[in-house]
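Containing PDB, C-alpha atoms and all ligand atoms: data13.pdb.
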```
MODEL        1
ATOM      1  CA  MET A1118     138.064 126.643  77.543
ATOM      2  CA  ASP A1119     140.573 125.141  75.123
ATOM      3  CA  TRP A1120     138.733 122.336  73.312
ATOM      4  CA  ILE A1121     141.862 120.444  72.193
ATOM      5  CA  TYR A1122     143.035 120.371  75.809
ATOM      6  CA  SER A1123     139.641 119.007  76.927
ATOM      7  CA  LEU A1124     139.678 116.458  74.108
ATOM      8  CA  VAL A1125     143.094 115.125  75.171
ATOM      9  CA  VAL A1126     142.042 114.918  78.836
ATOM     10  CA  GLY A1127     138.853 113.121  77.769
ATOM     11  CA  PHE A1128     140.866 110.740  75.598
ATOM     12  CA  VAL A1129     143.151 109.889  78.537
ATOM     13  CA  ALA A1130     140.106 109.305  80.771
ATOM     14  CA  VAL A1131     138.525 106.924  78.212
ATOM     15  CA  LEU A1132     141.866 105.154  77.736
ATOM     16  CA  GLY A1133     142.047 104.707  81.531
ATOM     17  CA  LEU A1134     138.556 103.163  81.572
ATOM     18  CA  LEU A1135     139.455 100.770  78.730
ATOM     19  CA  VAL A1136     142.718  99.713  80.372
ATOM     20  CA  GLY A1137     140.807  99.270  83.661
ATOM     21  CA  SER A1138     138.383  96.997  81.825
ATOM     22  CA  PHE A1139     141.337  95.000  80.468
ATOM     23  CA  LEU A1140     142.853  94.807  83.977
ATOM     24  CA  ASN A1141     139.574  93.230  85.169
ATOM     25  CA  VAL A1142     140.061  90.514  82.549
ATOM     26  CA  VAL A1143     143.702  90.008  83.623
ATOM     27  CA  ILE A1144     142.749  89.884  87.318
ATOM     28  CA  TYR A1145     139.944  87.382  86.686
ATOM     29  CA  ARG A1146     141.591  85.106  84.108
ATOM     30  CA  LEU A1147     145.328  85.103  84.851
ATOM     31  CA  PRO A1148     145.138  83.117  88.133
ATOM     32  CA  ARG A1149     142.639  80.719  86.484
ATOM     33  CA  GLU A1150     145.066  79.068  84.140
ATOM     34  CA  CYS A1151     142.454  77.405  81.939
ATOM     35  CA  LEU A1152     141.230  80.800  80.728
ATOM     36  CA  SER A1153     143.218  82.628  78.090
ATOM     37  CA  ILE A1154     143.428  86.399  78.203
ATOM     38  CA  TRP A1155     143.790  86.825  74.462
ATOM     39  CA  ARG A1156     141.890  83.945  72.826
ATOM     40  CA  GLN A1157     138.428  84.019  74.360
ATOM     41  CA  THR A1158     137.389  87.593  73.782
ATOM     42  CA  ARG A1159     133.869  87.768  75.227
ATOM     43  CA  SER A1160     133.384  87.399  78.999
ATOM     44  CA  ARG A1161     130.799  85.066  80.545
ATOM     45  CA  CYS A1162     128.728  85.190  83.740
ATOM     46  CA  PRO A1163     130.511  82.973  86.305
ATOM     47  CA  ARG A1164     127.130  81.592  87.510
ATOM     48  CA  CYS A1165     124.953  80.880  84.468
ATOM     49  CA  GLY A1166     127.577  81.108  81.698
ATOM     50  CA  VAL A1167     125.625  83.549  79.551
ATOM     51  CA  GLN A1168     127.928  85.477  77.254
ATOM     52  CA  LEU A1169     128.203  89.223  77.689
ATOM     53  CA  ARG A1170     127.182  91.209  74.644
ATOM     54  CA  TRP A1171     129.409  93.966  73.275
ATOM     55  CA  PHE A1172     127.310  96.698  74.845
ATOM     56  CA  ASP A1173     127.573  94.967  78.236
ATOM     57  CA  ASN A1174     131.323  95.540  78.058
ATOM     58  CA  ILE A1175     131.347  99.337  78.001
ATOM     59  CA  PRO A1176     133.414 100.323  81.045
ATOM     60  CA  LEU A1177     131.486 101.793  83.971
ATOM     61  CA  LEU A1178     128.385 102.689  81.904
ATOM     62  CA  SER A1179     127.171  99.113  81.294
ATOM     63  CA  TYR A1180     127.373  98.295  84.971
ATOM     64  CA  VAL A1181     125.653 101.433  86.180
ATOM     65  CA  ILE A1182     123.034 102.072  83.469
ATOM     66  CA  LEU A1183     122.420  98.895  81.426
ATOM     67  CA  LEU A1184     122.893  96.037  83.880
ATOM     68  CA  ARG A1185     122.383  97.866  87.175
ATOM     69  CA  GLY A1186     124.842  95.482  88.785
ATOM     70  CA  ARG A1187     123.028  92.289  87.717
ATOM     71  CA  CYS A1188     123.580  89.539  85.131
ATOM     72  CA  ARG A1189     121.268  89.746  82.100
ATOM     73  CA  GLY A1190     120.792  85.955  82.099
ATOM     74  CA  CYS A1191     120.269  84.882  85.707
ATOM     75  CA  GLY A1192     120.041  88.161  87.632
ATOM     76  CA  ALA A1193     123.023  87.297  89.830
ATOM     77  CA  ARG A1194     124.738  90.263  91.441
ATOM     78  CA  ILE A1195     127.889  91.343  89.588
ATOM     79  CA  SER A1196     130.643  92.443  91.956
ATOM     80  CA  TRP A1197     130.961  96.220  92.338
ATOM     81  CA  ARG A1198     134.703  95.661  92.067
ATOM     82  CA  TYR A1199     134.634  95.582  88.247
ATOM     83  CA  PRO A1200     133.442  99.183  87.848
ATOM     84  CA  LEU A1201     135.623 100.221  90.804
ATOM     85  CA  VAL A1202     138.794  98.889  89.116
ATOM     86  CA  GLU A1203     137.792 100.774  85.934
ATOM     87  CA  LEU A1204     137.154 103.995  87.838
ATOM     88  CA  VAL A1205     140.395 103.795  89.841
ATOM     89  CA  THR A1206     142.439 103.112  86.678
ATOM     90  CA  CYS A1207     140.787 106.086  84.976
ATOM     91  CA  LEU A1208     141.592 108.375  87.929
ATOM     92  CA  VAL A1209     145.193 107.108  88.059
ATOM     93  CA  PHE A1210     145.635 107.813  84.330
ATOM     94  CA  LEU A1211     144.327 111.364  84.828
ATOM     95  CA  GLY A1212     146.295 111.975  88.029
ATOM     96  CA  LEU A1213     149.556 110.875  86.389
ATOM     97  CA  LEU A1214     148.778 113.073  83.367
ATOM     98  CA  PHE A1215     148.609 116.208  85.505
ATOM     99  CA  LEU A1216     151.643 115.080  87.531
ATOM    100  CA  ASP A1217     153.932 114.149  84.625
ATOM    101  CA  VAL A1218     152.928 116.335  81.684
ATOM    102  CA  PRO A1219     153.386 120.125  81.997
ATOM    103  CA  GLN A1220     150.149 122.061  81.324
ATOM    104  CA  GLU A1221     151.420 123.514  78.031
ATOM    105  CA  GLN A1222     152.359 120.043  76.683
ATOM    106  CA  ILE A1223     149.012 118.378  77.397
ATOM    107  CA  ARG A1224     147.575 119.658  74.092
ATOM    108  CA  TYR A1225     150.110 117.555  72.170
ATOM    109  CA  ILE A1226     150.018 113.781  72.565
ATOM    110  CA  ASP A1227     153.630 113.288  71.555
ATOM    111  CA  LEU A1228     156.148 110.879  73.027
ATOM    112  CA  ALA A1229     158.884 113.246  71.835
ATOM    113  CA  PHE A1230     157.970 115.274  74.931
ATOM    114  CA  GLY A1231     159.659 113.994  78.091
ATOM    115  CA  GLY A1232     156.450 114.447  80.079
ATOM    116  CA  TRP A1233     154.368 112.208  77.814
ATOM    117  CA  ARG A1234     157.118 109.597  77.706
ATOM    118  CA  LEU A1235     157.284 109.552  81.502
ATOM    119  CA  TRP A1236     153.476 109.330  81.659
ATOM    120  CA  ALA A1237     153.407 106.339  79.283
ATOM    121  CA  MET A1238     155.910 104.475  81.486
ATOM    122  CA  HIS A1239     154.148 105.439  84.708
ATOM    123  CA  VAL A1240     150.734 104.195  83.532
ATOM    124  CA  LEU A1241     152.301 100.935  82.327
ATOM    125  CA  ILE A1242     154.059 100.334  85.668
ATOM    126  CA  THR A1243     151.106 101.461  87.794
ATOM    127  CA  SER A1244     148.609  99.303  85.860
ATOM    128  CA  THR A1245     150.819  96.235  86.254
ATOM    129  CA  LEU A1246     151.246  96.859  89.999
ATOM    130  CA  PHE A1247     147.496  97.420  90.407
ATOM    131  CA  ALA A1248     146.611  94.111  88.715
ATOM    132  CA  LEU A1249     149.287  92.253  90.726
ATOM    133  CA  SER A1250     148.027  93.746  94.010
ATOM    134  CA  VAL A1251     144.419  92.707  93.421
ATOM    135  CA  ILE A1252     145.461  89.184  92.303
ATOM    136  CA  ASP A1253     147.701  88.825  95.383
ATOM    137  CA  TYR A1254     144.835  89.977  97.605
ATOM    138  CA  ASP A1255     142.429  87.489  95.980
ATOM    139  CA  TYR A1256     144.619  84.423  95.471
ATOM    140  CA  ARG A1257     147.782  85.024  97.545
ATOM    141  CA  ILE A1258     149.942  84.631  94.459
ATOM    142  CA  LEU A1259     151.891  86.950  92.176
ATOM    143  CA  PRO A1260     151.659  85.159  88.797
ATOM    144  CA  ASP A1261     154.943  84.439  86.992
ATOM    145  CA  ALA A1262     153.236  85.527  83.773
ATOM    146  CA  LEU A1263     153.421  89.118  85.080
ATOM    147  CA  THR A1264     156.478  89.156  87.364
ATOM    148  CA  LYS A1265     159.013  87.299  85.174
ATOM    149  CA  PRO A1266     158.618  89.452  82.040
ATOM    150  CA  SER A1267     158.769  92.548  84.287
ATOM    151  CA  ILE A1268     162.309  91.620  85.372
ATOM    152  CA  ALA A1269     163.435  91.392  81.732
ATOM    153  CA  ILE A1270     161.572  94.494  80.543
ATOM    154  CA  ALA A1271     162.288  96.846  83.490
ATOM    155  CA  PRO A1272     165.923  97.776  82.642
ATOM    156  CA  PHE A1273     164.851  98.599  79.074
ATOM    157  CA  LEU A1274     162.117 100.909  80.347
ATOM    158  CA  VAL A1275     164.699 102.959  82.276
ATOM    159  CA  PHE A1276     166.958 102.820  79.243
ATOM    160  CA  LEU A1277     164.170 104.492  77.241
ATOM    161  CA  VAL A1278     163.187 106.909  80.039
ATOM    162  CA  PRO A1279     166.059 107.335  82.556
ATOM    163  CA  GLU A1280     163.946 109.803  84.583
ATOM    164  CA  LEU A1281     162.059 106.769  85.975
ATOM    165  CA  MET A1282     165.043 106.052  88.236
ATOM    166  CA  PRO A1283     165.328 108.506  91.173
ATOM    167  CA  SER A1284     169.122 108.527  90.768
ATOM    168  CA  THR A1285     171.954 106.303  89.566
ATOM    169  CA  PHE A1286     174.601 104.915  91.924
ATOM    170  CA  TRP A1287     177.246 104.053  89.345
ATOM    171  CA  GLU A1288     177.902 105.894  86.078
ATOM    172  CA  PRO A1289     180.387 104.060  83.851
ATOM    173  CA  PHE A1290     179.221 106.072  80.814
ATOM    174  CA  ALA A1291     179.445 109.497  82.489
ATOM    175  CA  GLY A1292     180.551 112.559  80.562
ATOM    176  CA  GLY A1293     179.748 111.232  77.110
ATOM    177  CA  GLU A1294     177.433 112.641  74.486
ATOM    178  CA  GLY A1295     173.995 111.372  73.492
ATOM    179  CA  TRP A1296     172.962 108.058  75.003
ATOM    180  CA  SER A1297     175.089 108.085  78.169
ATOM    181  CA  PRO A1298     172.270 108.820  80.713
ATOM    182  CA  ASN A1299     170.217 106.038  79.088
ATOM    183  CA  LEU A1300     173.086 103.545  79.230
ATOM    184  CA  ASN A1301     173.855 104.465  82.850
ATOM    185  CA  ALA A1302     170.210 103.883  83.752
ATOM    186  CA  LEU A1303     170.276 100.510  81.962
ATOM    187  CA  VAL A1304     173.418  99.407  83.861
ATOM    188  CA  ASN A1305     171.933 100.528  87.185
ATOM    189  CA  GLY A1306     168.651  98.776  86.365
ATOM    190  CA  VAL A1307     170.366  95.466  85.656
ATOM    191  CA  MET A1308     172.424  95.984  88.834
ATOM    192  CA  GLY A1309     169.270  96.703  90.864
ATOM    193  CA  ALA A1310     167.447  93.632  89.563
ATOM    194  CA  GLY A1311     170.472  91.423  90.293
ATOM    195  CA  ALA A1312     171.027  92.901  93.739
ATOM    196  CA  ALA A1313     167.331  92.505  94.618
ATOM    197  CA  MET A1314     167.362  88.827  93.678
ATOM    198  CA  GLY A1315     170.676  88.190  95.457
ATOM    199  CA  THR A1316     169.720  90.009  98.658
ATOM    200  CA  LEU A1317     166.283  88.471  98.917
ATOM    201  CA  TRP A1318     167.463  85.003  98.078
ATOM    202  CA  SER A1319     170.015  85.284 100.920
ATOM    203  CA  ILE A1320     167.410  86.639 103.364
ATOM    204  CA  GLY A1321     165.019  83.876 102.333
ATOM    205  CA  TRP A1322     167.732  81.251 102.770
ATOM    206  CA  LEU A1323     168.669  82.560 106.237
ATOM    207  CA  GLY A1324     164.986  82.881 107.159
ATOM    208  CA  SER A1325     164.198  79.318 106.141
ATOM    209  CA  LYS A1326     167.189  78.106 108.202
ATOM    210  CA  ALA A1327     166.091  80.132 111.249
ATOM    211  CA  PHE A1328     162.311  79.598 111.170
ATOM    212  CA  ARG A1329     162.094  76.436 109.075
ATOM    213  CA  LYS A1330     159.557  78.067 106.774
ATOM    214  CA  PRO A1331     159.852  80.528 103.891
ATOM    215  CA  ALA A1332     159.999  84.112 105.201
ATOM    216  CA  MET A1333     158.921  85.624 101.905
ATOM    217  CA  GLY A1334     157.192  84.154  98.881
ATOM    218  CA  LEU A1335     159.178  83.690  95.673
ATOM    219  CA  GLY A1336     156.582  85.851  93.926
ATOM    220  CA  ASP A1337     157.550  88.775  96.174
ATOM    221  CA  VAL A1338     161.221  88.242  95.272
ATOM    222  CA  LYS A1339     160.477  88.280  91.532
ATOM    223  CA  LEU A1340     158.330  91.395  91.911
ATOM    224  CA  LEU A1341     161.114  93.178  93.813
ATOM    225  CA  ALA A1342     163.651  92.156  91.166
ATOM    226  CA  GLY A1343     161.447  93.852  88.567
ATOM    227  CA  MET A1344     161.285  96.946  90.794
ATOM    228  CA  GLY A1345     165.088  96.878  91.148
ATOM    229  CA  GLY A1346     165.252  96.864  87.350
ATOM    230  CA  ILE A1347     163.529 100.243  87.321
ATOM    231  CA  LEU A1348     164.745 101.835  90.557
ATOM    232  CA  GLY A1349     168.316 100.499  90.704
ATOM    233  CA  LEU A1350     169.498 100.211  94.308
ATOM    234  CA  TRP A1351     166.527 102.331  95.430
ATOM    235  CA  PHE A1352     164.648  99.005  95.680
ATOM    236  CA  LEU A1353     166.129  98.785  99.201
ATOM    237  CA  LEU A1354     163.947 101.737 100.248
ATOM    238  CA  VAL A1355     160.926  99.924  98.772
ATOM    239  CA  ILE A1356     161.548  97.053 101.213
ATOM    240  CA  VAL A1357     161.700  99.538 104.116
ATOM    241  CA  VAL A1358     158.488 101.363 103.124
ATOM    242  CA  ALA A1359     156.619  98.107 102.346
ATOM    243  CA  SER A1360     157.652  96.456 105.635
ATOM    244  CA  PHE A1361     156.726  99.568 107.619
ATOM    245  CA  ALA A1362     153.292  99.951 105.970
ATOM    246  CA  GLY A1363     152.744  96.182 106.062
ATOM    247  CA  SER A1364     153.473  95.971 109.801
ATOM    248  CA  ILE A1365     151.066  98.773 110.674
ATOM    249  CA  ILE A1366     148.204  97.462 108.516
ATOM    250  CA  GLY A1367     149.043  93.879 109.540
ATOM    251  CA  LEU A1368     148.696  94.741 113.232
ATOM    252  CA  ILE A1369     145.365  96.499 112.630
ATOM    253  CA  VAL A1370     144.028  93.536 110.640
ATOM    254  CA  LEU A1371     145.292  91.125 113.295
ATOM    255  CA  ALA A1372     143.486  93.121 116.001
ATOM    256  CA  ILE A1373     140.194  92.893 114.098
ATOM    257  CA  ARG A1374     140.399  89.381 112.644
ATOM    258  CA  LYS A1375     142.959  86.945 114.007
ATOM    259  CA  ASP A1376     142.864  84.491 111.098
ATOM    260  CA  ARG A1377     143.244  86.991 108.302
ATOM    261  CA  TYR A1378     146.262  86.557 106.015
ATOM    262  CA  VAL A1379     147.831  89.789 104.809
ATOM    263  CA  PRO A1380     149.486  89.557 101.363
ATOM    264  CA  PHE A1381     152.752  91.478 100.924
ATOM    265  CA  GLY A1382     152.388  92.303  97.207
ATOM    266  CA  PRO A1383     150.106  95.338  97.643
ATOM    267  CA  PHE A1384     152.561  96.847 100.157
ATOM    268  CA  LEU A1385     155.464  96.324  97.759
ATOM    269  CA  ALA A1386     153.392  98.075  95.093
ATOM    270  CA  PHE A1387     152.712 100.943  97.514
ATOM    271  CA  GLY A1388     156.429 101.142  98.374
ATOM    272  CA  MET A1389     157.330 101.201  94.685
ATOM    273  CA  MET A1390     154.968 104.115  94.039
ATOM    274  CA  VAL A1391     156.333 106.086  97.010
ATOM    275  CA  VAL A1392     159.983 105.514  96.046
ATOM    276  CA  MET A1393     159.445 106.061  92.305
ATOM    277  CA  PHE A1394     157.795 109.445  92.899
ATOM    278  CA  ARG A1395     159.278 110.678  96.194
ATOM    279  CA  GLY A1396     162.227 108.366  96.994
ATOM    280  CA  PRO A1397     164.994 110.960  97.452
ATOM    281  CA  GLN A1398     162.720 113.307  99.455
ATOM    282  CA  LEU A1399     161.670 110.432 101.735
ATOM    283  CA  LEU A1400     165.257 109.290 102.292
ATOM    284  CA  GLU A1401     166.317 112.852 103.091
ATOM    285  CA  SER A1402     163.591 113.356 105.701
ATOM    286  CA  VAL A1403     164.282 109.951 107.289
ATOM    287  CA  LEU A1404     168.025 110.726 107.544
ATOM    288  CA  ASP A1405     167.205 114.202 108.854
ATOM    289  CA  PHE A1406     164.915 112.713 111.512
ATOM    290  CA  MET A1407     167.557 110.170 112.547
ATOM    291  CA  SER A1408     170.379 112.736 112.796
ATOM    292  CA  ARG A1409     168.201 115.003 114.944
ATOM    293  CA  GLY A1410     167.450 112.012 117.176
ATOM    294  CA  ALA A1411     171.172 111.296 117.479
ATOM    295  CA  ALA A1412     171.921 114.941 118.387
ATOM    296  CA  HIS A1413     169.670 114.824 121.476
TER     297      HIS A1413
HETATM  298 ZN    ZN B   1     124.262  84.911  84.970
ENDMDL
END
```
Using structure tokens, write down the structure that the file contains.
Ligand SMILES: [Zn+2]
Amino acid sequence: MDWIYSLVVGFVAVLGLLVGSFLNVVIYRLPRECLSIWRQTRSRCPRCGVQLRWFDNIPLLSYVILLRGRCRGCGARISWRYPLVELVTCLVFLGLLFLDVPQEQIRYIDLAFGGWRLWAMHVLITSTLFALSVIDYDYRILPDALTKPSIAIAPFLVFLVPELMPSTFWEPFAGGEGWSPNLNALVNGVMGAGAAMGTLWSIGWLGSKAFRKPAMGLGDVKLLAGMGGILGLWFLLVIVVASFAGSIIGLIVLAIRKDRYVPFGPFLAFGMMVVMFRGPQLLESVLDFMSRGAAH
């Protein structure tokens, strides 16, 4: 067994656990506006207020071995969701590593390699979507603090790594040397973000006229604009996938519990993942299915 390879995989796993731990802080503090993510470094028990010590903050291990799921001060149960978020983030980091980085490149942590660059972007996007989904599930909001900067940053991410976008629809810089794929991706990203906001604002406006209540939250619109910034016009397929998945799960939830509200953010996040990784393949099979239906 190649020890450098194992070391890099281990490093990515630990990084995933640490980022998962940070996501827990974001998920807990961001919707509670009185708590700062950066200033107050040490977490407290929500029941008795006792401050966590540094060794209580080790991802996964503290919960399982040291605390055994209970607060050191008052013995209150600590939600199993904290270690779960850390574990899921760790697995996502590893999964994306094997998906994005070719086996022979894993030994070298180097952003000069396309695979590592793609991985860095994918973990950033996935982590943000994960935090947003959990916050939306908990509080029924998608905080501006996450969605608004995403809209501004997204086109620059595809400028840096054009491979993030399944394909471009318009290429004003085609045929040139050097930066042209990056510039095309940037133009398409800005176009996607603008189109997402325009389309959804119109749908929302029509919906509010027809039903006299907002059809979609503004948070969803801002999130989709950020997705348009990365996917270009492929954001339209995100709406299709999210609505389809949302309807199915929504009906199941409605059948079990009539009063349960189903947030849309997690479905948008799911749609984004599907389209970012398998958008063209999905579109092709849907079109194929429809044309076969038309032939009969
Ligand atoms: Zn306590």
Review point. Quick one: residues within 7 Å of A:Ser1250, all atoms listed in the file counted, chain neighbours fewer than 2 positions away excluded, as a ChimeraX atom specification?
Key: /A:1246-1248,1252-1254,1382-1383,1386
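A straight line drawn from atom CA of A:Ala1312 to atom CA of A:Met1390 is 19.6 Å long.
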Each chain A residue no farther than 9 Å from ligand ZN 1 (chain B), nearest pair in Å, all atoms listed in the file, as a Markdown table:
```
| residue | atom | partner | partner_atom | distance |
| --- | --- | --- | --- | --- |
| A:Arg1161 | CA | B:ZN1 | ZN | 7.9 |
| A:Cys1162 | CA | B:ZN1 | ZN | 4.6 |
| A:Pro1163 | CA | B:ZN1 | ZN | 6.7 |
| A:Arg1164 | CA | B:ZN1 | ZN | 5.1 |
| A:Cys1165 | CA | B:ZN1 | ZN | 4.1 |
| A:Gly1166 | CA | B:ZN1 | ZN | 6.0 |
| A:Val1167 | CA | B:ZN1 | ZN | 5.8 |
| A:Gln1168 | CA | B:ZN1 | ZN | 8.6 |
| A:Arg1187 | CA | B:ZN1 | ZN | 8.0 |
| A:Cys1188 | CA | B:ZN1 | ZN | 4.7 |
| A:Arg1189 | CA | B:ZN1 | ZN | 6.4 |
| A:Gly1190 | CA | B:ZN1 | ZN | 4.6 |
| A:Cys1191 | CA | B:ZN1 | ZN | 4.1 |
| A:Gly1192 | CA | B:ZN1 | ZN | 6.0 |
| A:Ala1193 | CA | B:ZN1 | ZN | 5.6 |
| A:Arg1194 | CA | B:ZN1 | ZN | 8.4 |
| A:Ile1195 | CA | B:ZN1 | ZN | 8.7 |
```
Check your understanding: Could you write out as an MDAnalysis selection string the residues that the PyMOL selection byres (((chain A and resi 1266-1282) around 8) and not hetatm) matches in the shown file?
Key -> chainID A and resid 1234:1235 1238 1261:1265 1283:1285 1298:1304 1306:1307 1310 1339:1340 1342:1344 1346:1349 1393
Check your understanding: In terms of the shortest atom-to-atom distance over all atoms listed in the file, which of A:Val1218, A:Leu1241, A:Ile1175, A:Leu1350 is closest to A:Met1308?
Key ->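 Counting all atoms listed in the file, the residue closest to A:Met1308 is A:Leu1350.
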The centre and edge lengths of an axis-aligned box containing all atoms of stretch 1376-1392 of chain A present in the file, extended by 6 Å on each side, are to be given in Å to one decimal, as lines of an AutoDock Vina configuration file.
```
center_x = 151.4
center_y = 95.3
center_z = 102.6
size_x = 29.1
size_y = 33.6
size_z = 29.1
```
**Study point:** Option closest in space to A:Ile1226, from A:Leu1249, A:Leu1184, A:Val1240, A:Ile1121 [counting only C-alpha atoms]
**Key:**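 So, comparing all the options, the nearest one is A:Ile1121.
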Exercise for review: Compare A:Trp1236, A:Phe1230, A:Phe1128, A:Trp1351 by their minimum atom-to-atom distance to A:Met1389, counting all atoms listed in the file, and give me the closest one.
Suggested key: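 When distances to A:Met1389 are compared using all atoms listed in the file, the smallest one comes from A:Trp1351.
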Exercise for review: Name the residues captured by the PyMOL selection byres (((chain A and resi 1380) around 10) and not hetatm) when it is applied to the shown file; answer as a ChimeraX atom specification.
Suggested key: /A:1250-1259,1334,1337,1363,1367,1377-1379,1381-1385
Exercise for review: Please write the residues picked by the PyMOL selection byres (((chain A and resi 1205-1209) around 9) and not hetatm) on this file as number ranges by chain.
Suggested key: A: 1129-1138, 1140, 1200-1204, 1210-1214, 1240, 1243-1244, 1247
Save out the residues we just selected, C-alpha atoms, as a PDB file, in the frame of the given file.
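Listing of again-v8.pdb after writing:
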```pdb
ATOM      1  CA  VAL A1129     143.151 109.889  78.537  1.00  0.00           C
ATOM      2  CA  ALA A1130     140.106 109.305  80.771  1.00  0.00           C
ATOM      3  CA  VAL A1131     138.525 106.924  78.212  1.00  0.00           C
ATOM      4  CA  LEU A1132     141.866 105.154  77.736  1.00  0.00           C
ATOM      5  CA  GLY A1133     142.047 104.707  81.531  1.00  0.00           C
ATOM      6  CA  LEU A1134     138.556 103.163  81.572  1.00  0.00           C
ATOM      7  CA  LEU A1135     139.455 100.770  78.730  1.00  0.00           C
ATOM      8  CA  VAL A1136     142.718  99.713  80.372  1.00  0.00           C
ATOM      9  CA  GLY A1137     140.807  99.270  83.661  1.00  0.00           C
ATOM     10  CA  SER A1138     138.383  96.997  81.825  1.00  0.00           C
ATOM     11  CA  LEU A1140     142.853  94.807  83.977  1.00  0.00           C
ATOM     12  CA  PRO A1200     133.442  99.183  87.848  1.00  0.00           C
ATOM     13  CA  LEU A1201     135.623 100.221  90.804  1.00  0.00           C
ATOM     14  CA  VAL A1202     138.794  98.889  89.116  1.00  0.00           C
ATOM     15  CA  GLU A1203     137.792 100.774  85.934  1.00  0.00           C
ATOM     16  CA  LEU A1204     137.154 103.995  87.838  1.00  0.00           C
ATOM     17  CA  PHE A1210     145.635 107.813  84.330  1.00  0.00           C
ATOM     18  CA  LEU A1211     144.327 111.364  84.828  1.00  0.00           C
ATOM     19  CA  GLY A1212     146.295 111.975  88.029  1.00  0.00           C
ATOM     20  CA  LEU A1213     149.556 110.875  86.389  1.00  0.00           C
ATOM     21  CA  LEU A1214     148.778 113.073  83.367  1.00  0.00           C
ATOM     22  CA  VAL A1240     150.734 104.195  83.532  1.00  0.00           C
ATOM     23  CA  THR A1243     151.106 101.461  87.794  1.00  0.00           C
ATOM     24  CA  SER A1244     148.609  99.303  85.860  1.00  0.00           C
ATOM     25  CA  PHE A1247     147.496  97.420  90.407  1.00  0.00           C
TER      26      PHE A1247
END
```
Practice item. Could you please determine the separation between atom CA of A:Tyr1145 and atom CA of A:Ser1196 in Å, to one decimal place? Key: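 Distance between the two atoms: 11.8 Å.
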**Study point:** Coordinates-based distance that separates atom CA of A:Gly1396 from atom CA of A:Gly1311 (Å, one decimal)
**Key:**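 Answer for the atom CA of A:Gly1311 to atom CA of A:Gly1396 separation: 20.0 Å.
Distance annotation: of A:Leu1183, A:Ile1320, A:Ile1366, A:Leu1354, the residue with the minimal separation from A:Gln1398 is A:Leu1354; atom set is only C-alpha atoms.
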Exercise for review: Would you kindly return, as a list in words, each protein, DNA or RNA residue with an atom no farther than 9 Å from any atom of A:Val1338, considering only C-alpha atoms and excluding same-chain residues fewer than 5 positions away?
Suggested key: Ala1313, Met1314, Leu1317, Trp1318, Met1333 and Gly1343 of chain A
Exercise for review: Point out the residue among A:Ile1182, A:Ile1356, A:Gly1388, A:Leu1335 with the least atom-to-atom distance to A:Trp1322, counting all atoms listed in the file.
Suggested key: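 The answer is A:Leu1335, which sits nearest to A:Trp1322.
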Practice item. Considering all atoms listed in the file, state which residue in the set A:Phe1387, A:Tyr1199, A:Phe1394, A:Phe1406 is at the smallest distance from A:Leu1216. Key: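 Of the candidates, the smallest distance to A:Leu1216 is held by A:Phe1394.
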Could I see stretch 1191-1202 of chain A restored to N, CA and C atoms, set down as an mmCIF file, keeping the file's coordinate frame?
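New file selection32.cif:
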```cif
data_model
loop_
_atom_site.group_PDB
_atom_site.id
_atom_site.type_symbol
_atom_site.label_atom_id
_atom_site.label_comp_id
_atom_site.auth_asym_id
_atom_site.auth_seq_id
_atom_site.Cartn_x
_atom_site.Cartn_y
_atom_site.Cartn_z
ATOM 1 N N CYS A 1191 120.814 85.501 84.498
ATOM 2 C CA CYS A 1191 120.269 84.882 85.707
ATOM 3 C C CYS A 1191 119.974 85.888 86.818
ATOM 4 N N GLY A 1192 120.333 87.150 86.622
ATOM 5 C CA GLY A 1192 120.041 88.161 87.632
ATOM 6 C C GLY A 1192 120.972 88.155 88.826
ATOM 7 N N ALA A 1193 122.066 87.342 88.727
ATOM 8 C CA ALA A 1193 123.023 87.297 89.830
ATOM 9 C C ALA A 1193 123.727 88.645 89.964
ATOM 10 N N ARG A 1194 124.031 89.002 91.203
ATOM 11 C CA ARG A 1194 124.738 90.263 91.441
ATOM 12 C C ARG A 1194 126.127 90.206 90.827
ATOM 13 N N ILE A 1195 126.521 91.245 90.095
ATOM 14 C CA ILE A 1195 127.889 91.343 89.588
ATOM 15 C C ILE A 1195 128.659 92.195 90.588
ATOM 16 N N SER A 1196 129.869 91.739 90.937
ATOM 17 C CA SER A 1196 130.643 92.443 91.956
ATOM 18 C C SER A 1196 130.862 93.902 91.577
ATOM 19 N N TRP A 1197 130.722 94.787 92.571
ATOM 20 C CA TRP A 1197 130.961 96.220 92.338
ATOM 21 C C TRP A 1197 132.439 96.491 92.089
ATOM 22 N N ARG A 1198 133.280 95.435 92.236
ATOM 23 C CA ARG A 1198 134.703 95.661 92.067
ATOM 24 C C ARG A 1198 135.078 95.926 90.605
ATOM 25 N N TYR A 1199 134.304 95.345 89.663
ATOM 26 C CA TYR A 1199 134.634 95.582 88.247
ATOM 27 C C TYR A 1199 134.575 97.071 87.895
ATOM 28 N N PRO A 1200 133.443 97.740 88.154
ATOM 29 C CA PRO A 1200 133.442 99.183 87.848
ATOM 30 C C PRO A 1200 134.428 99.973 88.706
ATOM 31 N N LEU A 1201 134.678 99.495 89.938
ATOM 32 C CA LEU A 1201 135.623 100.221 90.804
ATOM 33 C C LEU A 1201 137.038 100.196 90.217
ATOM 34 N N VAL A 1202 137.461 99.008 89.730
ATOM 35 C CA VAL A 1202 138.794 98.889 89.116
ATOM 36 C C VAL A 1202 138.891 99.822 87.907
#
```
